[in-house]
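Colleague: Got entry.cif for you, mmCIF, C-alpha atoms:
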data_work
#
loop_
_atom_site.group_PDB
_atom_site.id
_atom_site.type_symbol
_atom_site.label_atom_id
_atom_site.label_comp_id
_atom_site.auth_asym_id
_atom_site.auth_seq_id
_atom_site.Cartn_x
_atom_site.Cartn_y
_atom_site.Cartn_z
ATOM 1 C CA MET T 280 0.000 0.000 0.000
ATOM 2 C CA ALA T 281 2.785 2.446 0.903
ATOM 3 C CA THR T 282 4.569 1.552 -2.309
ATOM 4 C CA SER T 283 1.543 2.469 -4.420
ATOM 5 C CA LYS T 284 1.184 5.827 -2.625
ATOM 6 C CA LEU T 285 4.868 6.610 -3.161
ATOM 7 C CA GLN T 286 4.583 5.580 -6.783
ATOM 8 C CA ALA T 287 1.511 7.796 -7.201
ATOM 9 C CA LEU T 288 3.422 10.734 -5.678
ATOM 10 C CA TRP T 289 6.441 10.030 -7.868
ATOM 11 C CA ASN T 290 4.335 9.936 -11.046
ATOM 12 C CA HIS T 291 2.058 12.888 -10.138
ATOM 13 C CA PRO T 292 2.115 15.799 -12.636
ATOM 14 C CA ALA T 293 3.400 18.024 -9.797
ATOM 15 C CA GLY T 294 5.605 15.292 -8.304
ATOM 16 C CA PRO T 295 9.348 15.183 -7.587
ATOM 17 C CA LYS T 296 10.221 14.593 -11.240
ATOM 18 C CA THR T 297 9.020 18.104 -12.139
ATOM 19 C CA ILE T 298 9.899 21.707 -11.391
ATOM 20 C CA HIS T 299 6.357 22.089 -10.047
ATOM 21 C CA PHE T 300 7.493 20.143 -6.996
ATOM 22 C CA TRP T 301 10.976 21.552 -6.451
ATOM 23 C CA ALA T 302 10.290 25.276 -6.895
ATOM 24 C CA PRO T 303 7.775 25.482 -4.027
ATOM 25 C CA THR T 304 9.865 23.109 -1.935
ATOM 26 C CA PHE T 305 12.864 25.433 -2.102
ATOM 27 C CA LYS T 306 10.577 28.454 -1.666
ATOM 28 C CA TRP T 307 9.948 27.193 1.882
ATOM 29 C CA GLY T 308 13.417 28.596 2.635
ATOM 30 C CA ILE T 309 12.020 32.133 2.315
ATOM 31 C CA SER T 310 9.236 31.395 4.799
ATOM 32 C CA ILE T 311 11.654 29.709 7.196
ATOM 33 C CA ALA T 312 14.003 32.711 6.984
ATOM 34 C CA ASN T 313 11.070 35.042 7.658
ATOM 35 C CA ILE T 314 10.128 32.946 10.705
ATOM 36 C CA ALA T 315 13.729 33.148 11.915
ATOM 37 C CA ASP T 316 13.443 36.945 11.595
ATOM 38 C CA PHE T 317 10.669 36.970 14.209
ATOM 39 C CA ALA T 318 13.504 37.355 16.724
ATOM 40 C CA LYS T 319 14.958 40.314 14.816
ATOM 41 C CA PRO T 320 14.215 43.779 16.227
ATOM 42 C CA PRO T 321 11.386 45.439 14.230
ATOM 43 C CA GLU T 322 13.515 48.468 13.341
ATOM 44 C CA LYS T 323 15.720 46.180 11.240
ATOM 45 C CA LEU T 324 12.797 44.900 9.138
ATOM 46 C CA SER T 325 12.326 46.228 5.611
ATOM 47 C CA TYR T 326 8.967 47.448 4.304
ATOM 48 C CA PRO T 327 9.772 46.682 0.637
ATOM 49 C CA GLN T 328 10.972 43.177 1.459
ATOM 50 C CA GLN T 329 7.951 42.327 3.592
ATOM 51 C CA PHE T 330 5.516 43.839 1.071
ATOM 52 C CA ALA T 331 7.141 41.667 -1.610
ATOM 53 C CA VAL T 332 6.922 38.517 0.526
ATOM 54 C CA THR T 333 3.274 39.239 1.379
ATOM 55 C CA ALA T 334 2.254 40.115 -2.193
ATOM 56 C CA THR T 335 4.024 37.049 -3.562
ATOM 57 C CA GLY T 336 2.209 34.862 -1.066
ATOM 58 C CA VAL T 337 -1.218 36.300 -1.860
ATOM 59 C CA ILE T 338 -0.824 36.338 -5.649
ATOM 60 C CA TRP T 339 0.679 32.873 -5.993
ATOM 61 C CA SER T 340 -1.771 31.327 -3.509
ATOM 62 C CA ARG T 341 -4.547 32.314 -5.869
ATOM 63 C CA TYR T 342 -2.603 31.119 -8.915
ATOM 64 C CA SER T 343 -1.915 27.711 -7.356
ATOM 65 C CA MET T 344 -5.669 27.079 -7.207
ATOM 66 C CA VAL T 345 -6.263 28.094 -10.833
ATOM 67 C CA ILE T 346 -3.635 25.930 -12.511
ATOM 68 C CA THR T 347 -4.043 22.271 -13.424
ATOM 69 C CA PRO T 348 -2.995 20.090 -11.686
ATOM 70 C CA LYS T 349 -3.642 21.643 -8.298
ATOM 71 C CA ASN T 350 -0.313 22.189 -6.587
ATOM 72 C CA TRP T 351 -0.909 21.911 -2.847
ATOM 73 C CA ASN T 352 2.775 22.425 -2.018
ATOM 74 C CA LEU T 353 2.683 25.746 -3.897
ATOM 75 C CA LEU T 354 -0.515 26.753 -2.099
ATOM 76 C CA SER T 355 0.826 25.925 1.356
ATOM 77 C CA VAL T 356 4.172 27.680 0.914
ATOM 78 C CA ASN T 357 2.482 30.822 -0.381
ATOM 79 C CA ILE T 358 -0.030 30.885 2.462
ATOM 80 C CA ALA T 359 2.956 30.643 4.817
ATOM 81 C CA MET T 360 4.718 33.473 2.945
ATOM 82 C CA ALA T 361 1.656 35.721 3.096
ATOM 83 C CA GLY T 362 1.160 34.961 6.790
ATOM 84 C CA THR T 363 4.746 35.565 7.832
ATOM 85 C CA GLY T 364 4.951 38.703 5.678
ATOM 86 C CA LEU T 365 1.774 40.138 7.218
ATOM 87 C CA TYR T 366 3.036 39.369 10.702
ATOM 88 C CA GLN T 367 6.373 41.072 10.025
ATOM 89 C CA LEU T 368 4.613 44.094 8.509
ATOM 90 C CA SER T 369 2.389 44.365 11.577
ATOM 91 C CA ARG T 370 5.471 44.281 13.836
ATOM 92 C CA LYS T 371 7.174 46.993 11.771
ATOM 93 C CA ILE T 372 4.076 49.218 11.641
ATOM 94 C CA ARG T 373 3.442 48.873 15.393
ATOM 95 C CA HIS T 374 7.062 49.785 16.077
ATOM 96 C CA ASP T 375 7.243 52.721 13.657
ATOM 97 C CA TYR T 376 3.887 54.349 14.313
ATOM 98 C CA PHE T 377 2.405 53.251 17.608
ATOM 99 C CA ASN T 378 5.509 53.176 19.805
ATOM 100 C CA GLU T 379 6.233 56.835 18.977
ATOM 101 C CA GLU T 380 2.767 57.878 20.205
ATOM 102 C CA GLU T 381 3.203 55.890 23.400
ATOM 103 C CA ALA T 382 6.627 57.414 23.975
ATOM 104 C CA ALA T 383 5.249 60.923 23.441
ATOM 105 C CA THR T 384 2.440 60.393 25.979
ATOM 106 C CA LEU T 385 4.909 58.998 28.485
ATOM 107 C CA LYS T 386 7.111 62.102 28.177
ATOM 108 C CA GLU T 387 4.199 64.411 29.026
#
Since I need it in another form, could you write the structure as structure tokens?

Modeller:
Amino acid sequence: MATSKLQALWNHPAGPKTIHFWAPTFKWGISIANIADFAKPPEKLSYPQQFAVTATGVIWSRYSMVITPKNWNLLSVNIAMAGTGLYQLSRKIRHDYFNEEEAATLKE
């Protein structure tokens, strides 16, 4: 039974014999790096980089559901990219805009 499932995965149109498998698999590195950056101070985050990560995640998540065959690896990695990008953007925005207001009220 396991052999037939592995053979089905191997012969799938988006299986390991195609770029449709390997491109999203290596794209997980971007999401993992973004997760590792959760420990980075928000002032060191980049708006353009995080907008690009978020936009890529949103756009390609939609695309992965339109193409045939459905590429679930592509969908999952892009959902992760959009999620981590949005989280990093929220950290950066909170730091840049809301911490200044709090600091100003504390000084008064």

Colleague: Calculated over only C-alpha atoms, which of the candidates T:Lys296, T:Leu285, T:His291, T:Tyr326 has the smallest distance to Tyr366 of chain T?

Modeller: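 Counting only C-alpha atoms, the residue closest to Tyr366 of chain T is T:Tyr326.
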
Colleague: Using the chain letters and numbers from this file, what does the PyMOL selection byres ((chain T and resi 299) around 12) select? Give the answer as JSON, numbers by chain.

Modeller: {"T": [291, 292, 293, 294, 295, 296, 297, 298, 300, 301, 302, 303, 304, 305, 306, 343, 346, 347, 348, 349, 350, 351, 352, 353, 354]}

Colleague: Any idea what's packed within 9 Å of Thr333 of chain T, counting all atoms listed in the file, ignoring anything in its chain fewer than 2 positions away? Could you give it as a list of chain:residue names?

Modeller: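 The contact residues come out as T:Gln328, T:Gln329, T:Phe330, T:Ala331, T:Thr335, T:Gly336, T:Val337, T:Ile338, T:Asn357, T:Met360, T:Ala361, T:Gly362, T:Thr363, T:Gly364, T:Leu365, T:Leu368.
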
Colleague: Please dump the current selection as a CSV table (one decimal), in the frame of the given file; keep C-alpha atoms.

Modeller:
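See again.csv below for the written result:
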chain,number,residue,atom,x,y,z
T,328,GLN,CA,11.0,43.2,1.5
T,329,GLN,CA,8.0,42.3,3.6
T,330,PHE,CA,5.5,43.8,1.1
T,331,ALA,CA,7.1,41.7,-1.6
T,335,THR,CA,4.0,37.0,-3.6
T,336,GLY,CA,2.2,34.9,-1.1
T,337,VAL,CA,-1.2,36.3,-1.9
T,338,ILE,CA,-0.8,36.3,-5.6
T,357,ASN,CA,2.5,30.8,-0.4
T,360,MET,CA,4.7,33.5,2.9
T,361,ALA,CA,1.7,35.7,3.1
T,362,GLY,CA,1.2,35.0,6.8
T,363,THR,CA,4.7,35.6,7.8
T,364,GLY,CA,5.0,38.7,5.7
T,365,LEU,CA,1.8,40.1,7.2
T,368,LEU,CA,4.6,44.1,8.5

Colleague: When you draw a straight line from atom CA of Val332 of chain T to atom CA of Asp316 of chain T, how long is it in Å?

Modeller: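 About the pair atom CA of Val332 of chain T and atom CA of Asp316 of chain T: they are 12.9 Å apart.
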
Colleague: Using atom CA of Ala318 of chain T and atom CA of Arg370 of chain T as the two end points, give the distance in Å to one decimal.

Modeller: 11.0 Å

Colleague: Please provide as a list in words all residues within 8 Å of Lys371 of chain T, with the sequence filter that same-chain residues fewer than 3 positions apart are discarded (counting only C-alpha atoms).

Modeller: Pro321, Glu322, Leu324, Tyr326, Gln367, Leu368, His374 and Asp375 of chain T

Colleague: Could you work out how far atom CA of Leu288 of chain T lies from atom CA of Ala312 of chain T, giving the answer in Å with one decimal?

Modeller: 27.5 Å

Colleague: So, counting all atoms listed in the file, which residue among T:Ala359, T:Ser369, T:Ser325, T:Trp289 is closest to Ile311 of chain T?

Modeller: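 Of T:Ala359, T:Ser369, T:Ser325, T:Trp289, the one nearest Ile311 of chain T, counting all atoms listed in the file, is T:Ala359.
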